[in-house]
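Text of input30.cif (mmCIF, C-alpha atoms) as supplied:
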data_coords
loop_
_atom_site.label_atom_id
_atom_site.label_comp_id
_atom_site.auth_asym_id
_atom_site.auth_seq_id
_atom_site.Cartn_x
_atom_site.Cartn_y
_atom_site.Cartn_z
CA MET T 18 0.00 0.00 0.00
CA HIS T 19 2.77 2.46 0.95
CA LYS T 20 4.51 1.85 -2.37
CA LEU T 21 1.26 2.73 -4.16
CA THR T 22 0.69 5.97 -2.24
CA PRO T 23 2.52 8.27 -4.73
CA LEU T 24 0.60 6.67 -7.62
CA LEU T 25 -2.72 7.14 -5.80
CA TRP T 26 -1.95 10.82 -5.13
CA GLY T 27 -1.00 11.19 -8.80
CA LEU T 28 -4.33 9.69 -9.91
CA PHE T 29 -6.17 11.92 -7.40
CA SER T 30 -4.49 14.96 -8.85
CA ALA T 31 -4.99 13.98 -12.51
CA GLY T 32 -8.62 13.09 -11.88
CA GLY T 33 -9.25 16.33 -10.00
CA THR T 34 -7.83 18.32 -12.91
CA VAL T 35 -9.88 16.41 -15.51
CA ALA T 36 -13.05 16.88 -13.43
CA ALA T 37 -12.37 20.60 -12.89
CA LEU T 38 -11.53 21.39 -16.53
CA LEU T 39 -13.97 19.14 -18.40
CA PHE T 40 -16.86 18.13 -16.15
CA PRO T 41 -18.70 21.47 -15.82
CA ALA T 42 -19.11 21.87 -19.61
CA HIS T 43 -20.07 18.24 -20.31
CA MET T 44 -22.39 18.22 -17.34
CA PHE T 45 -24.07 21.50 -18.23
CA LEU T 46 -24.76 20.20 -21.75
CA THR T 47 -25.95 16.73 -20.65
CA VAL T 48 -28.15 17.62 -17.67
CA ALA T 49 -29.35 21.15 -18.53
CA ALA T 50 -28.77 22.55 -22.03
CA TYR T 51 -29.92 19.47 -24.02
CA PRO T 52 -32.84 18.22 -21.89
CA TYR T 53 -34.37 21.71 -21.68
CA GLY T 54 -33.69 22.64 -25.30
CA TRP T 55 -31.33 25.58 -24.61
CA LEU T 56 -28.91 24.10 -27.14
CA ARG T 57 -29.47 21.61 -29.95
CA PRO T 58 -28.14 18.18 -28.93
CA PRO T 59 -25.79 16.47 -31.44
CA SER T 60 -27.39 13.71 -33.50
CA TYR T 61 -26.97 10.04 -32.60
CA GLY T 62 -25.12 9.45 -35.87
CA TYR T 63 -22.64 12.27 -35.20
CA LEU T 64 -21.84 10.95 -31.70
CA ILE T 65 -21.33 7.37 -32.89
CA HIS T 66 -19.20 8.62 -35.78
CA ALA T 67 -17.08 10.70 -33.36
CA LEU T 68 -16.69 7.71 -31.03
CA HIS T 69 -15.19 5.67 -33.88
CA SER T 70 -11.99 7.63 -33.44
CA PRO T 71 -9.61 5.88 -31.03
CA TRP T 72 -8.58 9.32 -29.71
CA VAL T 73 -12.15 10.12 -28.71
CA ARG T 74 -12.43 6.72 -26.98
CA VAL T 75 -9.19 7.28 -25.06
CA TYR T 76 -10.46 10.77 -24.13
CA PHE T 77 -13.67 9.36 -22.65
CA LEU T 78 -11.84 6.52 -20.90
CA GLY T 79 -9.65 9.07 -19.10
CA PHE T 80 -12.70 11.30 -18.65
CA ILE T 81 -14.46 8.56 -16.64
CA SER T 82 -11.60 6.61 -15.09
CA LEU T 83 -9.37 9.38 -13.68
CA PRO T 84 -12.20 11.23 -11.86
CA LEU T 85 -13.31 7.89 -10.35
CA PHE T 86 -9.81 7.49 -8.86
CA HIS T 87 -9.98 11.11 -7.71
CA TRP T 88 -13.21 10.27 -5.85
CA ALA T 89 -11.78 7.02 -4.42
CA HIS T 90 -8.78 8.77 -2.90
CA ARG T 91 -10.54 11.88 -1.65
CA PHE T 92 -13.59 10.06 -0.28
CA ARG T 93 -11.31 7.63 1.58
CA TYR T 94 -9.85 10.51 3.58
CA THR T 95 -13.24 12.18 3.99
CA LEU T 96 -14.46 8.99 5.65
CA TYR T 97 -11.37 8.91 7.89
CA ASP T 98 -11.81 12.53 9.02
CA GLY T 99 -15.57 12.89 8.90
CA LEU T 100 -16.65 9.65 10.50
CA GLN T 101 -13.43 8.84 12.41
CA ILE T 102 -13.28 5.29 11.10
CA LYS T 103 -9.60 4.95 10.30
CA HIS T 104 -9.60 1.49 11.86
CA LEU T 105 -11.72 0.28 8.91
CA THR T 106 -8.91 1.15 6.46
CA LEU T 107 -8.85 -2.20 4.67
CA LEU T 108 -12.61 -2.18 4.00
CA ILE T 109 -12.64 1.49 2.91
CA VAL T 110 -9.62 1.10 0.63
CA THR T 111 -11.09 -2.05 -0.97
CA VAL T 112 -14.50 -0.45 -1.59
CA CYS T 113 -13.13 2.92 -2.83
CA TYR T 114 -10.34 1.81 -5.18
CA GLY T 115 -12.23 -1.38 -6.06
CA SER T 116 -15.20 0.69 -7.31
CA ALA T 117 -12.86 2.95 -9.30
CA ILE T 118 -11.19 -0.08 -10.92
CA ALA T 119 -14.58 -1.71 -11.68
CA GLY T 120 -15.97 1.54 -13.15
CA SER T 121 -12.87 2.01 -15.32
CA ALA T 122 -13.05 -1.59 -16.56
CA PHE T 123 -16.74 -1.15 -17.43
CA ALA T 124 -15.98 2.14 -19.22
CA ALA T 125 -13.25 0.42 -21.27
CA TYR T 126 -15.67 -2.41 -22.14
CA VAL T 127 -18.46 -0.02 -23.22
CA LEU T 128 -16.11 2.18 -25.25
CA TRP T 129 -14.50 -0.71 -27.09
CA SER T 130 -17.78 -2.48 -27.81
CA LEU T 131 -19.47 0.58 -29.37
CA PRO T 132 -21.19 -0.15 -32.70
CA MET D 7 21.54 5.64 40.09
CA THR D 8 20.37 3.91 36.92
CA PRO D 9 18.07 6.16 35.01
CA GLY D 10 14.58 4.83 34.69
CA LEU D 11 14.81 2.64 37.79
CA ASN D 12 12.00 4.55 39.44
CA SER D 13 9.71 4.48 36.46
CA THR D 14 6.37 2.80 36.89
CA PRO D 15 5.52 -0.15 34.64
CA TYR D 16 2.25 1.54 33.70
CA HIS D 17 2.07 3.87 30.79
CA PRO D 18 0.12 7.02 31.61
CA ARG D 19 -3.08 7.40 29.65
CA TRP D 20 -2.78 9.87 26.75
CA TYR D 21 -4.86 12.95 27.10
CA ARG D 22 -7.18 12.88 24.13
CA ARG D 23 -10.20 15.10 23.92
CA ARG D 24 -13.18 13.25 22.43
CA VAL D 25 -14.16 14.83 19.13
CA SER D 26 -17.75 14.60 17.98
CA VAL D 27 -18.50 13.09 14.58
CA TRP D 28 -20.18 16.43 13.82
CA TRP D 29 -16.98 18.48 14.48
CA TRP D 30 -17.21 19.93 10.98
CA LEU D 31 -20.48 21.71 11.79
CA GLU D 32 -18.85 23.66 14.63
CA SER D 33 -17.46 26.46 12.50
CA ARG D 34 -17.84 27.82 8.98
CA PRO D 35 -14.30 27.04 7.75
CA TYR D 36 -14.71 23.40 8.91
CA THR D 37 -18.08 23.12 7.14
CA LEU D 38 -16.62 24.61 3.96
CA PHE D 39 -13.69 22.20 4.16
CA VAL D 40 -15.94 19.14 4.44
CA THR D 41 -18.30 20.45 1.72
CA ARG D 42 -15.27 20.86 -0.54
CA GLU D 43 -14.11 17.33 0.24
CA LEU D 44 -17.62 15.97 -0.43
CA THR D 45 -17.57 17.39 -3.98
CA SER D 46 -15.80 14.13 -4.85
CA LEU D 47 -19.21 12.42 -4.54
CA ALA D 48 -20.63 14.68 -7.26
CA VAL D 49 -17.55 13.99 -9.41
CA ALA D 50 -18.08 10.22 -9.09
CA TYR D 51 -21.82 10.67 -9.71
CA PHE D 52 -21.23 12.45 -12.99
CA ALA D 53 -18.59 9.91 -14.12
CA ILE D 54 -21.23 7.19 -13.63
CA LEU D 55 -23.98 9.27 -15.29
CA PHE D 56 -21.70 9.72 -18.30
CA LEU D 57 -20.95 5.99 -18.33
CA TRP D 58 -24.72 5.45 -18.47
CA LYS D 59 -24.89 7.87 -21.44
CA LEU D 60 -22.14 5.98 -23.31
CA ASP D 61 -23.80 2.65 -22.53
CA ALA D 62 -27.12 4.01 -23.89
CA LEU D 63 -25.31 5.26 -27.02
CA SER D 64 -23.77 1.85 -27.58
CA ALA D 65 -27.18 0.13 -27.20
CA GLY D 66 -28.69 2.08 -30.12
CA PRO D 67 -30.71 5.21 -30.98
CA GLU D 68 -33.87 4.19 -29.05
CA SER D 69 -31.88 3.56 -25.91
CA TYR D 70 -30.13 6.93 -26.31
CA ALA D 71 -33.50 8.66 -26.75
CA ARG D 72 -34.66 7.02 -23.51
CA PHE D 73 -31.55 8.36 -21.76
CA LEU D 74 -32.35 11.90 -22.98
CA GLU D 75 -35.93 11.42 -21.74
CA TRP D 76 -34.60 10.38 -18.30
CA MET D 77 -32.64 13.64 -18.09
CA ARG D 78 -36.01 15.46 -18.05
CA ASN D 79 -37.25 13.46 -15.04
CA PRO D 80 -37.88 16.11 -12.32
CA ALA D 81 -36.42 14.09 -9.41
CA LEU D 82 -33.29 13.23 -11.38
CA ALA D 83 -33.05 16.84 -12.62
CA ALA D 84 -33.00 18.06 -9.00
CA VAL D 85 -30.16 15.65 -8.13
CA ASN D 86 -28.34 16.71 -11.30
CA ALA D 87 -28.67 20.41 -10.46
CA LEU D 88 -27.17 19.82 -6.99
CA ALA D 89 -24.39 17.71 -8.52
CA LEU D 90 -23.64 20.44 -11.07
CA LEU D 91 -23.29 23.02 -8.27
CA MET D 92 -20.94 20.68 -6.37
CA VAL D 93 -18.86 20.06 -9.52
CA LEU D 94 -18.58 23.85 -10.04
CA LEU D 95 -17.45 24.19 -6.40
CA HIS D 96 -14.88 21.47 -7.06
CA ALA D 97 -13.59 23.32 -10.15
CA VAL D 98 -13.32 26.71 -8.42
CA THR D 99 -11.66 25.36 -5.25
CA TRP D 100 -9.33 23.19 -7.37
CA PHE D 101 -8.12 26.13 -9.47
CA ASN D 102 -7.80 28.41 -6.44
CA LEU D 103 -5.64 25.86 -4.64
CA ALA D 104 -3.46 25.16 -7.67
CA PRO D 105 -0.78 27.73 -6.64
CA ARG D 106 -0.42 25.88 -3.30
CA ALA D 107 0.23 22.56 -5.06
CA LEU D 108 2.26 23.86 -7.97
CA ALA D 109 5.42 25.94 -7.66
CA VAL D 110 6.36 26.99 -11.19
CA ARG D 111 9.76 28.61 -11.63
CA LEU D 112 10.66 30.63 -14.68
CA SER D 113 14.37 31.53 -14.97
CA GLY D 114 14.84 31.04 -11.22
CA LYS D 115 11.88 33.18 -10.16
CA ARG D 116 8.75 31.67 -8.74
CA LEU D 117 5.61 32.53 -10.70
CA PRO D 118 3.16 34.54 -8.57
CA ASP D 119 -0.03 32.82 -7.38
CA TRP D 120 -2.29 34.95 -9.54
CA ALA D 121 -0.46 33.86 -12.70
CA ILE D 122 -0.97 30.16 -11.93
CA ARG D 123 -4.62 30.81 -11.09
CA ALA D 124 -5.13 32.82 -14.27
CA ALA D 125 -3.53 30.03 -16.33
CA ASN D 126 -5.93 27.51 -14.77
CA TYR D 127 -9.03 29.63 -15.41
CA GLY D 128 -7.77 30.30 -18.94
CA ALA D 129 -7.38 26.56 -19.57
CA TRP D 130 -10.90 26.06 -18.20
CA ALA D 131 -12.33 28.62 -20.63
CA VAL D 132 -10.49 27.04 -23.58
CA ALA D 133 -11.59 23.49 -22.63
CA THR D 134 -15.21 24.59 -22.18
CA SER D 135 -15.26 26.38 -25.57
CA LEU D 136 -13.73 23.36 -27.33
CA ILE D 137 -16.27 20.95 -25.79
CA VAL D 138 -19.25 23.12 -26.80
CA TRP D 139 -17.76 23.69 -30.28
CA PHE D 140 -17.25 19.94 -30.89
CA ALA D 141 -20.72 19.11 -29.58
CA GLU D 142 -22.45 21.79 -31.65
CA ARG D 143 -20.78 20.66 -34.89
CA GLY D 144 -23.05 17.60 -34.77
#
How does the structure come out when it is put into structure tokens?
Amino acid sequence: MHKLTPLLWGLFSAGGTVAALLFPAHMFLTVAAYPYGWLRPPSYGYLIHALHSPWVRVYFLGFISLPLFHWAHRFRYTLYDGLQIKHLTLLIVTVCYGSAIAGSAFAAYVLWSLP
Amino acid sequence: MTPGLNSTPYHPRWYRRRVSVWWWLESRPYTLFVTRELTSLAVAYFAILFLWKLDALSAGPESYARFLEWMRNPALAAVNALALLMVLLHAVTWFNLAPRALAVRLSGKRLPDWAIRAANYGAWAVATSLIVWFAERG
């Protein structure tokens, strides 16, 4: 675990940056601008065509995976501080990083099995 | 006399003040700190929501139309609005703290905090414009 600590902080940092730079715009479009008709949503065909590019797939893999690791690392310490349950480290670490790994694997599967 | 000969075999109990689980509600800076830390939940929420969107896209046009319909569900829209606010709080606090995490030196002189902050907000503006531009080309 101690050997992994620098890597986990690196993923936390990368994920935090991705979420800060890219999430507000994507989120605004997906949950507000498109559903309420403020902006015209891109067509299904355009999105699938764009997702054929390996670069776009890698972009969305990082877009989902890195912020999940950001959450895993930050939420782990929030649980330690907020609920004072540091003695449950093994359980917390397994659930947090395990979910991030599972989510990343599912994202890779979805992105590579697109039509 | 040998040092330590008179020491008792019992370790004195540490003095530790009990801290309530609600310590972070005791003052504004603590509450802000924990709110900032909890933005990670909104970040994870949106990563999963986007995964749902990609999964719906991969399942075909009808499935994607159903996803768009779900985004108009009032209960989900309320959760999404709260998550969007938390993600914005994450972005702002992240950029404002960047000068604390990043010491950039140019020809031996450390860049002032405002320059690093400005670079971060500039990158945010460029990224946002590019995302909207790519999306609106479709």
Quiz item: Could you name the residues that touch Val48 (chain T) at 7 Å or less, counting all atoms listed in the file, but leaving out those on the same chain fewer than 3 positions away, as a PyMOL selection string?
Solution: (chain T and resi 44-45+51-52) or (chain D and resi 77+86)
Quiz item: Neighbours of Ser26 (chain D) within 12 Å (all atoms listed in the file; same-chain residues fewer than 4 positions away dropped), as an MDAnalysis selection string?
Solution: (chainID T and resid 98:101) or (chainID D and resid 30:32)
Practice problem: Starting from the shown file, work through the PyMOL selection byres ((chain D) within 8 of (chain T)) and note down what comes out as a PyMOL selection string. | Solution: chain D and resi 27-28+30+40+43-44+46-47+49-50+52-54+56-57+60-61+63-64+67+70+74-75+77-78+83+86-87+90+93-94+96-98+100-101+129-130+133-134+137-138+141-144
Keeping C-alpha atoms, export the residues of the selection given above as a CSV table (one decimal), in the frame of the given file.
chain,number,residue,atom,x,y,z
D,27,VAL,CA,-18.5,13.1,14.6
D,28,TRP,CA,-20.2,16.4,13.8
D,30,TRP,CA,-17.2,19.9,11.0
D,40,VAL,CA,-15.9,19.1,4.4
D,43,GLU,CA,-14.1,17.3,0.2
D,44,LEU,CA,-17.6,16.0,-0.4
D,46,SER,CA,-15.8,14.1,-4.8
D,47,LEU,CA,-19.2,12.4,-4.5
D,49,VAL,CA,-17.6,14.0,-9.4
D,50,ALA,CA,-18.1,10.2,-9.1
D,52,PHE,CA,-21.2,12.4,-13.0
D,53,ALA,CA,-18.6,9.9,-14.1
D,54,ILE,CA,-21.2,7.2,-13.6
D,56,PHE,CA,-21.7,9.7,-18.3
D,57,LEU,CA,-21.0,6.0,-18.3
D,60,LEU,CA,-22.1,6.0,-23.3
D,61,ASP,CA,-23.8,2.6,-22.5
D,63,LEU,CA,-25.3,5.3,-27.0
D,64,SER,CA,-23.8,1.8,-27.6
D,67,PRO,CA,-30.7,5.2,-31.0
D,70,TYR,CA,-30.1,6.9,-26.3
D,74,LEU,CA,-32.4,11.9,-23.0
D,75,GLU,CA,-35.9,11.4,-21.7
D,77,MET,CA,-32.6,13.6,-18.1
D,78,ARG,CA,-36.0,15.5,-18.0
D,83,ALA,CA,-33.0,16.8,-12.6
D,86,ASN,CA,-28.3,16.7,-11.3
D,87,ALA,CA,-28.7,20.4,-10.5
D,90,LEU,CA,-23.6,20.4,-11.1
D,93,VAL,CA,-18.9,20.1,-9.5
D,94,LEU,CA,-18.6,23.8,-10.0
D,96,HIS,CA,-14.9,21.5,-7.1
D,97,ALA,CA,-13.6,23.3,-10.2
D,98,VAL,CA,-13.3,26.7,-8.4
D,100,TRP,CA,-9.3,23.2,-7.4
D,101,PHE,CA,-8.1,26.1,-9.5
D,129,ALA,CA,-7.4,26.6,-19.6
D,130,TRP,CA,-10.9,26.1,-18.2
D,133,ALA,CA,-11.6,23.5,-22.6
D,134,THR,CA,-15.2,24.6,-22.2
D,137,ILE,CA,-16.3,21.0,-25.8
D,138,VAL,CA,-19.2,23.1,-26.8
D,141,ALA,CA,-20.7,19.1,-29.6
D,142,GLU,CA,-22.4,21.8,-31.6
D,143,ARG,CA,-20.8,20.7,-34.9
D,144,GLY,CA,-23.0,17.6,-34.8
Exercise. Find the distance between CA of Val112 (chain T) and CA of His19 (chain T) and write it in Å to one decimal.
Key: 17.7 Å
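CA of Ala121 (chain D) is found 11.4 Å from CA of Leu108 (chain D).
In this comparison, which uses all atoms listed in the file, the residue of D:Leu112, D:Leu55, D:Ala48, D:Ala125 approaching Leu88 (chain D) most closely is D:Ala48.
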Quiz item: Can you tell me how far CA of Pro118 (chain D) sits from CA of Asn102 (chain D), in Å to one decimal?
Solution: 12.7 Å
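The closest residue to Ala31 (chain T), picked from T:Gly79, T:Val110, T:Gly54, T:Pro71 and counting all atoms listed in the file, is T:Gly79.
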Completion step: region 14-25 of chain D with N, CA and C atoms as a short mmCIF file (atom, residue, chain, number, x, y, z; two decimals), in the coordinates of the input:
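And here's rebuild27.cif as it stands now:
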data_model
loop_
_atom_site.label_atom_id
_atom_site.label_comp_id
_atom_site.auth_asym_id
_atom_site.auth_seq_id
_atom_site.Cartn_x
_atom_site.Cartn_y
_atom_site.Cartn_z
N THR D 14 7.44 3.77 36.63
CA THR D 14 6.37 2.80 36.89
C THR D 14 6.19 1.93 35.65
N PRO D 15 5.74 0.70 35.81
CA PRO D 15 5.52 -0.15 34.64
C PRO D 15 4.27 0.24 33.85
N TYR D 16 3.50 1.17 34.39
CA TYR D 16 2.25 1.54 33.70
C TYR D 16 2.44 2.78 32.86
N HIS D 17 1.99 2.70 31.65
CA HIS D 17 2.07 3.87 30.79
C HIS D 17 0.93 4.81 31.17
N PRO D 18 1.22 6.10 31.30
CA PRO D 18 0.12 7.02 31.61
C PRO D 18 -0.85 7.09 30.43
N ARG D 19 -2.10 7.31 30.74
CA ARG D 19 -3.08 7.40 29.65
C ARG D 19 -2.87 8.70 28.90
N TRP D 20 -2.90 8.65 27.53
CA TRP D 20 -2.78 9.87 26.75
C TRP D 20 -3.98 10.74 27.05
N TYR D 21 -3.71 12.05 26.99
CA TYR D 21 -4.86 12.95 27.10
C TYR D 21 -5.41 13.17 25.70
N ARG D 22 -6.57 12.66 25.45
CA ARG D 22 -7.18 12.88 24.13
C ARG D 22 -8.61 13.35 24.32
N ARG D 23 -8.86 14.56 23.82
CA ARG D 23 -10.20 15.10 23.92
C ARG D 23 -11.09 14.35 22.93
N ARG D 24 -12.24 13.91 23.35
CA ARG D 24 -13.18 13.25 22.43
C ARG D 24 -13.71 14.26 21.43
N VAL D 25 -13.65 13.91 20.16
CA VAL D 25 -14.16 14.83 19.13
C VAL D 25 -15.45 14.23 18.57
#
